[in-house]
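A.B. asks: What follows is input16.txt, made up of compact mmCIF, C-alpha atoms and all ligand atoms:
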# COMPACT_ATOMS: atom_id res chain seq x y z
CA MET A 1 -140.66 -64.59 84.25
CA THR A 2 -139.01 -68.01 84.12
CA GLY A 3 -140.32 -70.84 86.27
CA PRO A 4 -138.49 -72.18 89.32
CA ILE A 5 -135.21 -74.00 88.71
CA ARG A 6 -135.78 -77.76 88.70
CA PRO A 7 -134.04 -79.31 91.72
CA SER A 8 -131.99 -82.49 91.36
CA THR A 9 -133.31 -85.60 93.02
CA GLY A 10 -131.50 -88.85 93.65
CA ALA A 11 -131.75 -92.29 95.17
CA ALA A 12 -133.74 -92.77 98.37
CA HIS A 13 -130.96 -94.78 100.01
CA THR A 14 -127.27 -95.58 99.57
CA ARG A 15 -124.85 -98.34 100.54
CA LEU A 16 -121.24 -99.39 100.19
CA TYR A 17 -120.86 -101.71 97.17
CA SER A 18 -117.24 -102.74 97.78
CA VAL A 19 -113.98 -102.05 99.53
CA GLY A 20 -110.47 -102.40 98.09
CA GLY A 21 -107.07 -101.78 99.62
CA TYR A 22 -103.52 -101.31 98.45
CA ARG A 23 -100.52 -101.85 100.72
CA PRO A 24 -97.07 -100.91 99.38
CA ALA A 25 -94.63 -103.80 99.09
CA ARG A 26 -92.03 -102.60 101.59
CA LEU A 27 -92.67 -103.82 105.15
CA VAL A 28 -90.94 -101.63 107.74
CA THR A 29 -90.31 -103.17 111.16
CA ASN A 30 -89.88 -101.31 114.45
CA ALA A 31 -86.25 -102.43 114.37
CA GLU A 32 -85.75 -100.47 111.14
CA ILE A 33 -87.49 -97.40 112.63
CA CYS A 34 -85.16 -97.66 115.66
CA GLU A 35 -82.11 -97.38 113.37
CA HIS A 36 -82.94 -93.65 113.19
CA ILE A 37 -84.39 -92.86 116.64
CA ASP A 38 -83.55 -93.65 120.25
CA SER A 39 -86.34 -96.17 120.90
CA THR A 40 -87.10 -99.87 121.12
CA ASP A 41 -89.49 -102.36 119.53
CA GLU A 42 -91.00 -102.94 122.97
CA TRP A 43 -91.60 -99.21 123.64
CA ILE A 44 -93.29 -98.74 120.27
CA ARG A 45 -95.49 -101.83 120.69
CA THR A 46 -96.48 -100.88 124.24
CA ARG A 47 -97.24 -97.20 123.55
CA SER A 48 -98.85 -97.54 120.12
CA GLY A 49 -99.62 -101.22 119.43
CA ILE A 50 -97.70 -100.95 116.16
CA ALA A 51 -95.43 -103.82 115.06
CA THR A 52 -94.98 -103.00 111.37
CA ARG A 53 -96.05 -100.48 108.75
CA ARG A 54 -95.64 -100.20 104.97
CA PHE A 55 -93.65 -97.52 103.15
CA ALA A 56 -94.24 -96.73 99.49
CA ALA A 57 -91.33 -96.91 97.07
CA PRO A 58 -89.64 -93.51 96.55
CA GLY A 59 -91.26 -92.91 93.15
CA GLU A 60 -94.64 -94.37 94.13
CA THR A 61 -97.20 -91.56 94.29
CA ILE A 62 -100.55 -90.85 95.95
CA GLN A 63 -102.04 -91.29 92.47
CA ASP A 64 -100.37 -94.70 91.95
CA MET A 65 -101.66 -96.05 95.25
CA SER A 66 -105.13 -94.54 94.69
CA VAL A 67 -105.42 -96.19 91.28
CA ALA A 68 -104.43 -99.58 92.75
CA ALA A 69 -107.03 -99.43 95.54
CA GLY A 70 -109.68 -97.67 93.47
CA GLY A 71 -109.40 -100.19 90.62
CA LYS A 72 -109.86 -103.03 93.07
CA ALA A 73 -112.95 -101.38 94.58
CA ILE A 74 -114.54 -100.70 91.16
CA ALA A 75 -113.95 -104.30 90.03
CA ALA A 76 -115.40 -105.69 93.29
CA ALA A 77 -118.45 -103.42 92.96
CA GLY A 78 -119.30 -105.03 89.62
CA ILE A 79 -119.67 -101.71 87.80
CA ALA A 80 -117.79 -100.29 84.82
CA PRO A 81 -115.40 -97.38 85.46
CA GLU A 82 -117.53 -95.22 83.13
CA GLN A 83 -120.45 -95.56 85.56
CA VAL A 84 -118.55 -93.74 88.32
CA SER A 85 -119.91 -90.18 88.57
CA ALA A 86 -117.41 -88.86 91.12
CA VAL A 87 -113.95 -89.79 92.36
CA ILE A 88 -113.06 -88.33 95.76
CA VAL A 89 -109.42 -88.68 96.83
CA ALA A 90 -109.05 -88.03 100.56
CA SER A 91 -105.44 -87.34 101.52
CA CYS A 92 -103.37 -84.98 103.65
CA THR A 93 -100.02 -86.02 102.17
CA THR A 94 -100.33 -84.82 98.58
CA ILE A 95 -97.05 -82.94 98.33
CA VAL A 96 -98.04 -81.61 94.90
CA GLN A 97 -101.02 -79.34 95.44
CA ILE A 98 -101.78 -78.41 91.84
CA PRO A 99 -103.44 -80.16 90.17
CA ALA A 100 -105.50 -82.17 92.63
CA ALA A 101 -104.81 -85.92 92.55
CA GLY A 102 -108.44 -86.79 91.74
CA PRO A 103 -108.53 -85.97 88.01
CA GLU A 104 -105.41 -88.06 87.21
CA VAL A 105 -106.70 -90.94 89.34
CA ALA A 106 -110.11 -90.85 87.57
CA HIS A 107 -108.40 -90.73 84.17
CA ARG A 108 -106.11 -93.67 84.92
CA LEU A 109 -109.07 -95.69 86.23
CA GLY A 110 -111.09 -95.03 83.07
CA ALA A 111 -113.70 -93.09 85.06
CA THR A 112 -114.21 -90.81 82.08
CA ASN A 113 -117.62 -89.51 83.19
CA ALA A 114 -116.60 -88.59 86.71
CA ALA A 115 -116.13 -85.34 88.57
CA ALA A 116 -112.87 -85.75 90.47
CA PHE A 117 -111.51 -83.82 93.41
CA ASP A 118 -109.45 -84.05 96.60
CA LEU A 119 -110.47 -83.78 100.21
CA ASN A 120 -107.93 -82.89 102.90
CA ILE A 121 -109.34 -83.70 106.31
CA ALA A 122 -106.49 -85.96 107.38
CA CYS A 123 -107.48 -89.09 109.30
CA ALA A 124 -111.19 -88.21 109.12
CA GLY A 125 -111.00 -88.02 105.31
CA PHE A 126 -112.52 -91.38 104.38
CA CYS A 127 -115.54 -90.97 106.67
CA HIS A 128 -116.08 -87.42 105.34
CA GLY A 129 -115.89 -88.85 101.80
CA VAL A 130 -118.47 -91.54 102.58
CA ALA A 131 -120.84 -88.91 103.98
CA LEU A 132 -120.34 -86.60 101.00
CA GLY A 133 -120.62 -89.38 98.43
CA SER A 134 -123.78 -90.75 100.03
CA ASP A 135 -125.42 -87.32 100.10
CA MET A 136 -124.36 -86.63 96.49
CA ILE A 137 -126.16 -89.81 95.40
CA ARG A 138 -129.23 -88.99 97.46
CA GLY A 139 -129.17 -85.42 96.16
CA GLY A 140 -128.98 -86.55 92.54
CA SER A 141 -125.54 -85.22 91.58
CA ALA A 142 -124.01 -88.71 91.32
CA GLU A 143 -125.01 -92.35 90.83
CA TYR A 144 -121.82 -94.14 91.90
CA VAL A 145 -119.08 -92.45 93.91
CA LEU A 146 -115.57 -93.84 94.41
CA VAL A 147 -114.11 -92.68 97.74
CA ILE A 148 -110.38 -93.28 98.14
CA GLY A 149 -108.27 -92.56 101.22
CA THR A 150 -104.56 -92.49 100.38
CA GLU A 151 -101.49 -91.41 102.32
CA LYS A 152 -97.75 -91.34 101.82
CA PHE A 153 -96.48 -90.28 105.22
CA SER A 154 -92.95 -91.39 104.43
CA ASP A 155 -92.75 -88.13 102.42
CA VAL A 156 -93.70 -85.83 105.30
CA VAL A 157 -92.45 -87.54 108.47
CA ASP A 158 -88.88 -86.95 109.64
CA PRO A 159 -87.46 -90.46 110.28
CA THR A 160 -85.19 -89.01 113.01
CA ASP A 161 -88.07 -87.43 115.01
CA ARG A 162 -88.76 -89.92 117.81
CA SER A 163 -92.07 -88.28 118.72
CA ILE A 164 -93.65 -89.30 115.43
CA ALA A 165 -91.42 -91.52 113.26
CA PHE A 166 -92.91 -94.81 114.51
CA ILE A 167 -96.61 -94.01 114.09
CA PHE A 168 -97.40 -93.45 110.45
CA GLY A 169 -97.46 -95.70 107.39
CA ASP A 170 -98.35 -95.48 103.69
CA GLY A 171 -101.27 -97.07 101.85
CA SER A 172 -104.61 -96.65 100.18
CA GLY A 173 -108.15 -97.87 100.81
CA ALA A 174 -111.19 -97.31 98.60
CA ALA A 175 -114.93 -97.95 98.51
CA VAL A 176 -117.67 -97.61 95.91
CA ILE A 177 -120.94 -96.08 97.11
CA GLY A 178 -124.14 -96.36 95.11
CA PRO A 179 -127.95 -96.37 95.26
CA SER A 180 -129.73 -98.91 97.43
CA ASP A 181 -133.24 -100.22 98.12
CA VAL A 182 -132.63 -100.12 101.86
CA PRO A 183 -130.52 -97.70 103.96
CA GLY A 184 -126.90 -98.87 104.10
CA ILE A 185 -125.20 -95.68 105.27
CA GLY A 186 -126.45 -93.87 108.38
CA PRO A 187 -126.44 -90.12 109.04
CA VAL A 188 -122.99 -88.64 109.63
CA VAL A 189 -121.93 -87.05 112.92
CA TRP A 190 -119.08 -84.72 112.10
CA GLY A 191 -117.32 -81.59 113.19
CA ALA A 192 -114.05 -79.80 113.77
CA ASP A 193 -112.16 -78.02 116.55
CA GLY A 194 -109.80 -75.57 114.88
CA SER A 195 -108.74 -74.20 118.27
CA GLN A 196 -106.52 -77.31 118.40
CA ALA A 197 -105.19 -76.91 114.86
CA SER A 198 -101.59 -76.91 116.07
CA ALA A 199 -101.90 -80.36 117.71
CA ILE A 200 -100.91 -82.06 114.42
CA GLU A 201 -99.43 -79.77 111.80
CA MET A 202 -96.64 -79.23 109.32
CA ASN A 203 -93.78 -77.40 111.04
CA ALA A 204 -93.72 -74.82 108.22
CA ASP A 205 -95.27 -74.08 104.87
CA TRP A 206 -93.35 -75.36 101.84
CA VAL A 207 -92.13 -71.89 100.82
CA THR A 208 -90.49 -70.93 104.12
CA LYS A 209 -88.52 -74.15 104.40
CA ALA A 210 -87.64 -74.29 100.72
CA THR A 211 -86.25 -70.75 100.91
CA ALA A 212 -84.01 -71.90 103.76
CA GLY A 213 -82.99 -75.00 101.78
CA GLU A 214 -84.81 -77.29 104.23
CA ARG A 215 -87.80 -79.66 104.18
CA ALA A 216 -91.07 -79.21 106.02
CA PHE A 217 -92.13 -82.12 108.25
CA LEU A 218 -95.18 -83.16 110.23
CA GLN A 219 -95.12 -82.51 113.98
CA MET A 220 -97.54 -83.66 116.64
CA ASN A 221 -98.35 -82.98 120.27
CA GLY A 222 -98.92 -86.65 121.11
CA GLN A 223 -100.45 -86.19 124.54
CA GLN A 224 -102.87 -83.48 123.37
CA VAL A 225 -104.06 -85.66 120.48
CA PHE A 226 -104.32 -88.70 122.73
CA ARG A 227 -106.47 -86.87 125.30
CA TRP A 228 -108.82 -85.46 122.65
CA ALA A 229 -109.23 -88.73 120.77
CA ALA A 230 -109.51 -91.00 123.80
CA TYR A 231 -112.12 -88.87 125.61
CA GLU A 232 -114.01 -86.89 122.98
CA MET A 233 -114.48 -89.48 120.24
CA ALA A 234 -116.54 -91.90 122.34
CA PRO A 235 -119.53 -89.48 122.53
CA VAL A 236 -119.23 -88.93 118.76
CA ALA A 237 -119.33 -92.69 118.18
CA ARG A 238 -122.30 -93.08 120.52
CA ARG A 239 -124.18 -90.31 118.72
CA ALA A 240 -123.58 -91.93 115.30
CA VAL A 241 -125.29 -95.10 116.55
CA GLU A 242 -128.20 -93.08 118.02
CA VAL A 243 -128.86 -91.05 114.87
CA ALA A 244 -128.87 -94.29 112.86
CA GLY A 245 -131.78 -95.38 115.08
CA LEU A 246 -129.75 -98.27 116.53
CA THR A 247 -128.19 -99.40 119.79
CA PHE A 248 -124.83 -101.11 120.33
CA ASP A 249 -126.69 -104.43 120.39
CA ASP A 250 -127.25 -103.90 116.64
CA ILE A 251 -123.58 -103.18 115.88
CA ASP A 252 -121.40 -106.09 114.71
CA ALA A 253 -118.10 -104.26 114.19
CA PHE A 254 -116.32 -101.16 115.47
CA ILE A 255 -113.89 -99.75 112.91
CA PRO A 256 -112.31 -96.58 114.32
CA HIS A 257 -109.48 -94.75 112.59
CA GLN A 258 -106.34 -96.74 113.37
CA ALA A 259 -104.47 -93.97 115.22
CA ASN A 260 -103.00 -95.86 118.13
CA MET A 261 -104.05 -99.17 119.73
CA ARG A 262 -104.34 -97.46 123.14
CA ILE A 263 -106.80 -94.90 121.72
CA THR A 264 -108.92 -97.76 120.32
CA ASP A 265 -108.78 -99.51 123.70
CA ALA A 266 -109.79 -96.30 125.52
CA MET A 267 -112.77 -95.82 123.18
CA VAL A 268 -113.87 -99.46 123.61
CA ARG A 269 -113.75 -98.99 127.40
CA ALA A 270 -115.56 -95.63 127.35
CA LEU A 271 -118.30 -97.00 125.09
CA LYS A 272 -118.61 -100.20 127.17
CA LEU A 273 -118.92 -102.12 123.90
CA PRO A 274 -120.67 -105.51 124.20
CA SER A 275 -118.28 -108.43 123.72
CA HIS A 276 -119.95 -109.60 120.47
CA ILE A 277 -118.62 -106.51 118.61
CA ALA A 278 -115.52 -107.20 116.50
CA ILE A 279 -112.88 -104.48 116.95
CA ALA A 280 -110.58 -103.36 114.10
CA ARG A 281 -106.93 -103.65 115.12
CA ASP A 282 -105.20 -103.33 111.77
CA ILE A 283 -102.83 -100.73 113.25
CA ALA A 284 -100.57 -103.54 114.52
CA ASP A 285 -99.60 -104.43 110.94
CA SER A 286 -100.23 -101.17 109.05
CA GLY A 287 -99.40 -98.37 111.49
CA ASN A 288 -101.49 -95.20 111.23
CA THR A 289 -102.39 -94.69 107.56
CA SER A 290 -104.69 -91.72 108.26
CA ALA A 291 -107.39 -91.44 105.54
CA ALA A 292 -106.64 -94.99 104.36
CA SER A 293 -106.94 -96.65 107.75
CA VAL A 294 -110.71 -97.26 107.98
CA PRO A 295 -111.13 -98.93 104.55
CA LEU A 296 -107.88 -100.90 104.99
CA ALA A 297 -109.06 -102.13 108.39
CA MET A 298 -112.47 -103.02 106.93
CA GLU A 299 -110.83 -105.05 104.14
CA THR A 300 -108.57 -106.82 106.63
CA MET A 301 -111.53 -107.77 108.85
CA LEU A 302 -113.37 -109.20 105.83
CA GLU A 303 -110.29 -111.14 104.67
CA ARG A 304 -109.73 -112.60 108.13
CA GLY A 305 -113.40 -113.55 108.53
CA GLU A 306 -113.80 -111.23 111.54
CA ILE A 307 -116.83 -109.65 109.85
CA ALA A 308 -119.07 -110.76 107.00
CA SER A 309 -120.77 -108.93 104.19
CA GLY A 310 -124.06 -107.50 105.48
CA ALA A 311 -122.69 -106.85 108.98
CA THR A 312 -123.42 -103.50 110.62
CA ALA A 313 -120.30 -101.47 111.38
CA LEU A 314 -119.64 -98.23 113.23
CA LEU A 315 -116.94 -96.11 111.53
CA VAL A 316 -115.19 -93.22 113.29
CA GLY A 317 -112.56 -91.05 111.61
CA PHE A 318 -110.62 -88.45 113.62
CA GLY A 319 -107.38 -86.55 113.42
CA ALA A 320 -105.60 -83.38 112.31
CA GLY A 321 -107.75 -80.27 112.21
CA LEU A 322 -108.76 -81.43 114.71
CA SER A 323 -111.65 -83.02 112.83
CA PHE A 324 -113.94 -86.03 113.03
CA ALA A 325 -116.72 -87.88 111.19
CA ALA A 326 -118.62 -91.03 112.19
CA GLN A 327 -121.40 -93.10 110.67
CA VAL A 328 -122.94 -96.57 110.75
CA VAL A 329 -122.67 -98.58 107.52
CA THR A 330 -123.57 -101.99 106.20
CA ILE A 331 -120.41 -103.90 105.28
CA PRO A 332 -120.29 -104.60 101.51
C1 LIG A 401 -97.09 -90.47 120.69
C2 LIG A 401 -97.38 -91.26 121.94
C3 LIG A 401 -97.35 -92.76 121.64
C4 LIG A 401 -96.34 -90.94 122.98
O1 LIG A 401 -96.65 -91.64 124.15
P1 LIG A 401 -96.66 -90.86 125.54
O2 LIG A 401 -96.96 -91.87 126.55
O3 LIG A 401 -97.60 -89.70 125.42
O4 LIG A 401 -95.17 -90.40 125.61
P2 LIG A 401 -94.59 -89.04 126.19
O5 LIG A 401 -94.43 -88.05 125.09
O6 LIG A 401 -95.37 -88.62 127.40
O7 LIG A 401 -93.18 -89.52 126.66
C5 LIG A 401 -93.05 -90.50 127.71
C6 LIG A 401 -91.63 -90.92 127.78
O8 LIG A 401 -91.28 -91.69 126.62
C7 LIG A 401 -90.16 -91.08 125.96
N1 LIG A 401 -90.33 -91.24 124.53
C8 LIG A 401 -90.98 -90.42 123.67
N2 LIG A 401 -90.93 -90.94 122.42
C9 LIG A 401 -90.23 -92.10 122.52
C10 LIG A 401 -89.86 -93.07 121.58
N3 LIG A 401 -90.18 -93.00 120.28
N4 LIG A 401 -89.16 -94.14 122.03
C11 LIG A 401 -88.83 -94.27 123.31
N5 LIG A 401 -89.16 -93.37 124.25
C12 LIG A 401 -89.86 -92.29 123.86
C13 LIG A 401 -90.16 -89.65 126.41
O9 LIG A 401 -88.88 -89.09 126.31
C14 LIG A 401 -90.64 -89.77 127.82
O10 LIG A 401 -89.56 -90.18 128.63
P3 LIG A 401 -89.45 -89.70 130.17
O11 LIG A 401 -90.65 -90.27 130.87
O12 LIG A 401 -88.16 -90.30 130.63
O13 LIG A 401 -89.46 -88.21 130.13
C15 LIG A 401 -98.78 -90.90 122.50
O14 LIG A 401 -98.79 -89.59 122.98
C16 LIG A 401 -99.86 -91.05 121.48
O15 LIG A 401 -100.14 -92.13 121.03
N6 LIG A 401 -100.53 -89.94 121.11
C17 LIG A 401 -101.53 -89.98 120.09
C18 LIG A 401 -100.86 -89.99 118.77
C19 LIG A 401 -101.76 -90.32 117.66
O16 LIG A 401 -102.57 -91.22 117.75
N7 LIG A 401 -101.60 -89.60 116.58
C20 LIG A 401 -102.35 -89.80 115.43
C21 LIG A 401 -103.63 -89.11 115.54
S1 LIG A 401 -104.49 -89.23 114.08
Turn this file's structure into structure tokens for me.
Ligand SMILES: CC(C)(COP(=O)(O)OP(=O)(O)OC[C@H]1O[C@@H](n2cnc3c(N)ncnc32)[C@H](O)[C@@H]1OP(=O)(O)O)[C@@H](O)C(=O)NCCC(=O)NCCS
C.D. replies:
Amino acid sequence: MTGPIRPSTGAAHTRLYSVGGYRPARLVTNAEICEHIDSTDEWIRTRSGIATRRFAAPGETIQDMSVAAGGKAIAAAGIAPEQVSAVIVASCTTIVQIPAAGPEVAHRLGATNAAAFDLNIACAGFCHGVALGSDMIRGGSAEYVLVIGTEKFSDVVDPTDRSIAFIFGDGSGAAVIGPSDVPGIGPVVWGADGSQASAIEMNADWVTKATAGERAFLQMNGQQVFRWAAYEMAPVARRAVEVAGLTFDDIDAFIPHQANMRITDAMVRALKLPSHIAIARDIADSGNTSAASVPLAMETMLERGEIASGATALLVGFGAGLSFAAQVVTIP
């Protein structure tokens, strides 16, 4: 009889080493959005808080944007690409399903020793990736994990659909996670409510539309999503702070998924956040970039001096699925 299989063991603790973002060159104003829908700059700003967003160039792919952000994050982490043991590309807008984007992204980054795969959990993708990457390092299946959230909504949003055309943008945000002497990533609070799967969904599968010579587009029940996010994400955020063994007095920054400024405001009110906590409001400039929004907002807050390295931040990702993931992290 053979002995027991040796289990893998990893680092005691993990932390974020770096964050890196990529924003496509083309800035799209509300005025440009309103060329295709019956709306106004004022309506869009009032209802969503969005003033501008970025759209990728037509030939610019999920992989291109992921490599740009991922390369920045690896360089800022001070590690060599060969030291990355896993590349996780979180995206819900990969219009080519096979192969996954991860392997090409890892190859182009020079992460030749990395497992590479995709994660499709929409706007909660980055926070799921951080949780997975952290547990992979603690479990011993990875040393450094590159988590990238990347979206190209301009491929899947109908510019003439006034219920959705103004919300989403394109971009990529990445972070390197690695071993740490002290805990830098708290336990994740995550879950899903598939009974509300139709709240944000493609209006058809690719085959059905292609057969009819049409394109599939994203559709959203805005009020249903708003209600769920504004009222059900505050308890998730509160729980993430509790399971980290902290209180809101210990939190320096609140970085929720940048879905809609009014959702952020509703969460801030529901959580009764102390005034010392810096609130991410990158949505004004970037729109809703789904899986990319949390790392892009984190990078923006660092660049603007709204938070400093070593600060304690509460991250909350939520969106299509419906799905969510939240955790407390130390800012790299
Ligand atoms: C999308 C959203 C901004 C719409 O705001 P809303 O207040 O719910 O808007 P409604 O759909 O109730 O429509 C209100 C009015 O605005 C109008 N309207 C809808 N879209 C409009 C647009 N783009 N421009 C101008 N008017 C618009 C409607 O026709 C309606 O007019 P009426 O009162 O004369 O009937 C809001 O529901 C929302 O933010 N939902 C969450 C979306 C989100 O965050 N998604 C990402 C999740 S990851």
A.B. asks: Which residues of stretch 259-287 of chain A have any atom within 12 Å of an atom in stretch 240-249 of chain A when counting only C-alpha atoms, and what is the closest pair of atoms for each, with the distance in Å to one decimal? Order the rows by chain and rising number and write it as a Markdown table.
C.D. replies:
| residue | atom | partner | partner_atom | distance |
| --- | --- | --- | --- | --- |
| A:Val268 | CA | A:Phe248 | CA | 11.6 |
| A:Leu271 | CA | A:Phe248 | CA | 9.1 |
| A:Lys272 | CA | A:Phe248 | CA | 9.3 |
| A:Leu273 | CA | A:Phe248 | CA | 7.0 |
| A:Pro274 | CA | A:Phe248 | CA | 7.2 |
| A:Ser275 | CA | A:Asp249 | CA | 9.9 |
| A:His276 | CA | A:Asp249 | CA | 8.5 |
| A:Ile277 | CA | A:Phe248 | CA | 8.4 |
| A:Ala278 | CA | A:Phe248 | CA | 11.8 |
A.B. asks: List all protein, DNA and RNA residues that have at least one atom no more than 7 Å from any atom of ligand LIG 401 (chain A), counting only C-alpha atoms and all ligand atoms, and write them as a PyMOL selection string.
C.D. replies: chain A and resi 37-40+43-44+47-48+123+162-164+166+222-223+225-226+259-260+263+288+290+318-320
A.B. asks: I'd like the contact shell of A:Leu315 - 9 Å cut-off, all atoms listed in the file, skipping same-chain residues fewer than 3 positions apart - returned as a short mmCIF file (atom, residue, chain, number, x, y, z; two decimals) with C-alpha atoms, in the frame of the given file.
C.D. replies:
data_model
loop_
_atom_site.label_atom_id
_atom_site.label_comp_id
_atom_site.auth_asym_id
_atom_site.auth_seq_id
_atom_site.Cartn_x
_atom_site.Cartn_y
_atom_site.Cartn_z
CA CYS A 127 -115.54 -90.97 106.67
CA ALA A 237 -119.33 -92.69 118.18
CA ALA A 240 -123.58 -91.93 115.30
CA ALA A 253 -118.10 -104.26 114.19
CA PHE A 254 -116.32 -101.16 115.47
CA ILE A 255 -113.89 -99.75 112.91
CA PRO A 256 -112.31 -96.58 114.32
CA HIS A 257 -109.48 -94.75 112.59
CA VAL A 294 -110.71 -97.26 107.98
CA ALA A 325 -116.72 -87.88 111.19
CA ALA A 326 -118.62 -91.03 112.19
CA GLN A 327 -121.40 -93.10 110.67
CA VAL A 328 -122.94 -96.57 110.75
CA VAL A 329 -122.67 -98.58 107.52
#
A.B. asks: From the options A:Pro295, A:Pro159, A:Pro24, A:Pro179, which residue's atoms come nearest to A:Gly139, counting all atoms listed in the file?
C.D. replies: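 Closest residue, counting all atoms listed in the file: A:Pro179.
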A.B. asks: Just to confirm, what's the straight-line distance from atom CA of A:Ala175 to atom CA of A:Trp228 in Å (one decimal)?
C.D. replies: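 Interatomic distance, atom CA of A:Ala175 to atom CA of A:Trp228: 27.9 Å.
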A.B. asks: For A:Asp252, work out the shell of residues within 6 Å, counting only C-alpha atoms and skipping chain neighbours fewer than 4 positions away, then give it as a list in words.
C.D. replies: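 Contacts, in chain order: Ile277, Ala311, Thr312 and Ala313 of chain A.
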A.B. asks: Go ahead and save the picked residues with C-alpha atoms, as a PDB file, in the coordinates of the input.
C.D. replies:
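Listed below is the output, again_12.pdb:
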ATOM      1  CA  ILE A 277    -118.620-106.510 118.610  1.00  0.00           C
ATOM      2  CA  ALA A 311    -122.690-106.850 108.980  1.00  0.00           C
ATOM      3  CA  THR A 312    -123.420-103.500 110.620  1.00  0.00           C
ATOM      4  CA  ALA A 313    -120.300-101.470 111.380  1.00  0.00           C
TER       5      ALA A 313
END
A.B. asks: At what distance in Å, to one decimal, does atom CA of A:Ala75 lie from atom CA of A:Glu306?
C.D. replies: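 Interatomic distance here is 22.6 Å.
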A.B. asks: Restricting the calculation to all atoms listed in the file: of A:Ile283, A:Met301, A:Ile200, A:Val89, which residue gets closest to A:Asp64?
C.D. replies: A:Val89
A.B. asks: Please supply stretch 142-147 of chain A, rebuilt with all heavy atoms, as a PDB file, in the coordinates of the input.
C.D. replies:
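Generated file (rebuild.pdb):
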ATOM      1  N   ALA A 142    -124.868 -87.567  91.660  1.00  0.00           N
ATOM      2  CA  ALA A 142    -124.010 -88.710  91.320  1.00  0.00           C
ATOM      3  C   ALA A 142    -124.810 -89.997  91.432  1.00  0.00           C
ATOM      4  O   ALA A 142    -125.802 -90.057  92.178  1.00  0.00           O
ATOM      5  CB  ALA A 142    -122.804 -88.770  92.263  1.00  0.00           C
ATOM      6  N   GLU A 143    -124.370 -91.029  90.680  1.00  0.00           N
ATOM      7  CA  GLU A 143    -125.010 -92.350  90.830  1.00  0.00           C
ATOM      8  C   GLU A 143    -124.078 -93.280  91.618  1.00  0.00           C
ATOM      9  O   GLU A 143    -124.470 -93.874  92.605  1.00  0.00           O
ATOM     10  CB  GLU A 143    -125.343 -92.960  89.476  1.00  0.00           C
ATOM     11  CG  GLU A 143    -126.141 -94.247  89.649  1.00  0.00           C
ATOM     12  CD  GLU A 143    -126.564 -94.876  88.330  1.00  0.00           C
ATOM     13  OE1 GLU A 143    -126.063 -94.434  87.278  1.00  0.00           O
ATOM     14  OE2 GLU A 143    -127.380 -95.823  88.377  1.00  0.00           O
ATOM     15  N   TYR A 144    -122.823 -93.369  91.156  1.00  0.00           N
ATOM     16  CA  TYR A 144    -121.820 -94.140  91.900  1.00  0.00           C
ATOM     17  C   TYR A 144    -120.657 -93.225  92.244  1.00  0.00           C
ATOM     18  O   TYR A 144    -120.185 -92.473  91.383  1.00  0.00           O
ATOM     19  CB  TYR A 144    -121.302 -95.319  91.069  1.00  0.00           C
ATOM     20  CG  TYR A 144    -122.362 -96.355  90.786  1.00  0.00           C
ATOM     21  CD1 TYR A 144    -123.015 -96.373  89.549  1.00  0.00           C
ATOM     22  CD2 TYR A 144    -122.717 -97.300  91.742  1.00  0.00           C
ATOM     23  CE1 TYR A 144    -123.996 -97.314  89.284  1.00  0.00           C
ATOM     24  CE2 TYR A 144    -123.706 -98.241  91.478  1.00  0.00           C
ATOM     25  CZ  TYR A 144    -124.340 -98.243  90.251  1.00  0.00           C
ATOM     26  OH  TYR A 144    -125.320 -99.167  90.000  1.00  0.00           O
ATOM     27  N   VAL A 145    -120.207 -93.282  93.471  1.00  0.00           N
ATOM     28  CA  VAL A 145    -119.080 -92.450  93.910  1.00  0.00           C
ATOM     29  C   VAL A 145    -117.963 -93.363  94.408  1.00  0.00           C
ATOM     30  O   VAL A 145    -118.210 -94.290  95.197  1.00  0.00           O
ATOM     31  CB  VAL A 145    -119.505 -91.484  95.039  1.00  0.00           C
ATOM     32  CG1 VAL A 145    -118.308 -90.688  95.549  1.00  0.00           C
ATOM     33  CG2 VAL A 145    -120.594 -90.531  94.539  1.00  0.00           C
ATOM     34  N   LEU A 146    -116.746 -93.112  93.936  1.00  0.00           N
ATOM     35  CA  LEU A 146    -115.570 -93.840  94.410  1.00  0.00           C
ATOM     36  C   LEU A 146    -114.864 -92.955  95.438  1.00  0.00           C
ATOM     37  O   LEU A 146    -114.416 -91.852  95.107  1.00  0.00           O
ATOM     38  CB  LEU A 146    -114.632 -94.150  93.242  1.00  0.00           C
ATOM     39  CG  LEU A 146    -113.300 -94.819  93.601  1.00  0.00           C
ATOM     40  CD1 LEU A 146    -113.509 -96.205  94.194  1.00  0.00           C
ATOM     41  CD2 LEU A 146    -112.401 -94.894  92.357  1.00  0.00           C
ATOM     42  N   VAL A 147    -114.813 -93.414  96.675  1.00  0.00           N
ATOM     43  CA  VAL A 147    -114.110 -92.680  97.740  1.00  0.00           C
ATOM     44  C   VAL A 147    -112.794 -93.397  98.017  1.00  0.00           C
ATOM     45  O   VAL A 147    -112.791 -94.603  98.297  1.00  0.00           O
ATOM     46  CB  VAL A 147    -114.949 -92.624  99.037  1.00  0.00           C
ATOM     47  CG1 VAL A 147    -114.197 -91.859 100.122  1.00  0.00           C
ATOM     48  CG2 VAL A 147    -116.297 -91.983  98.775  1.00  0.00           C
TER      49      VAL A 147
END
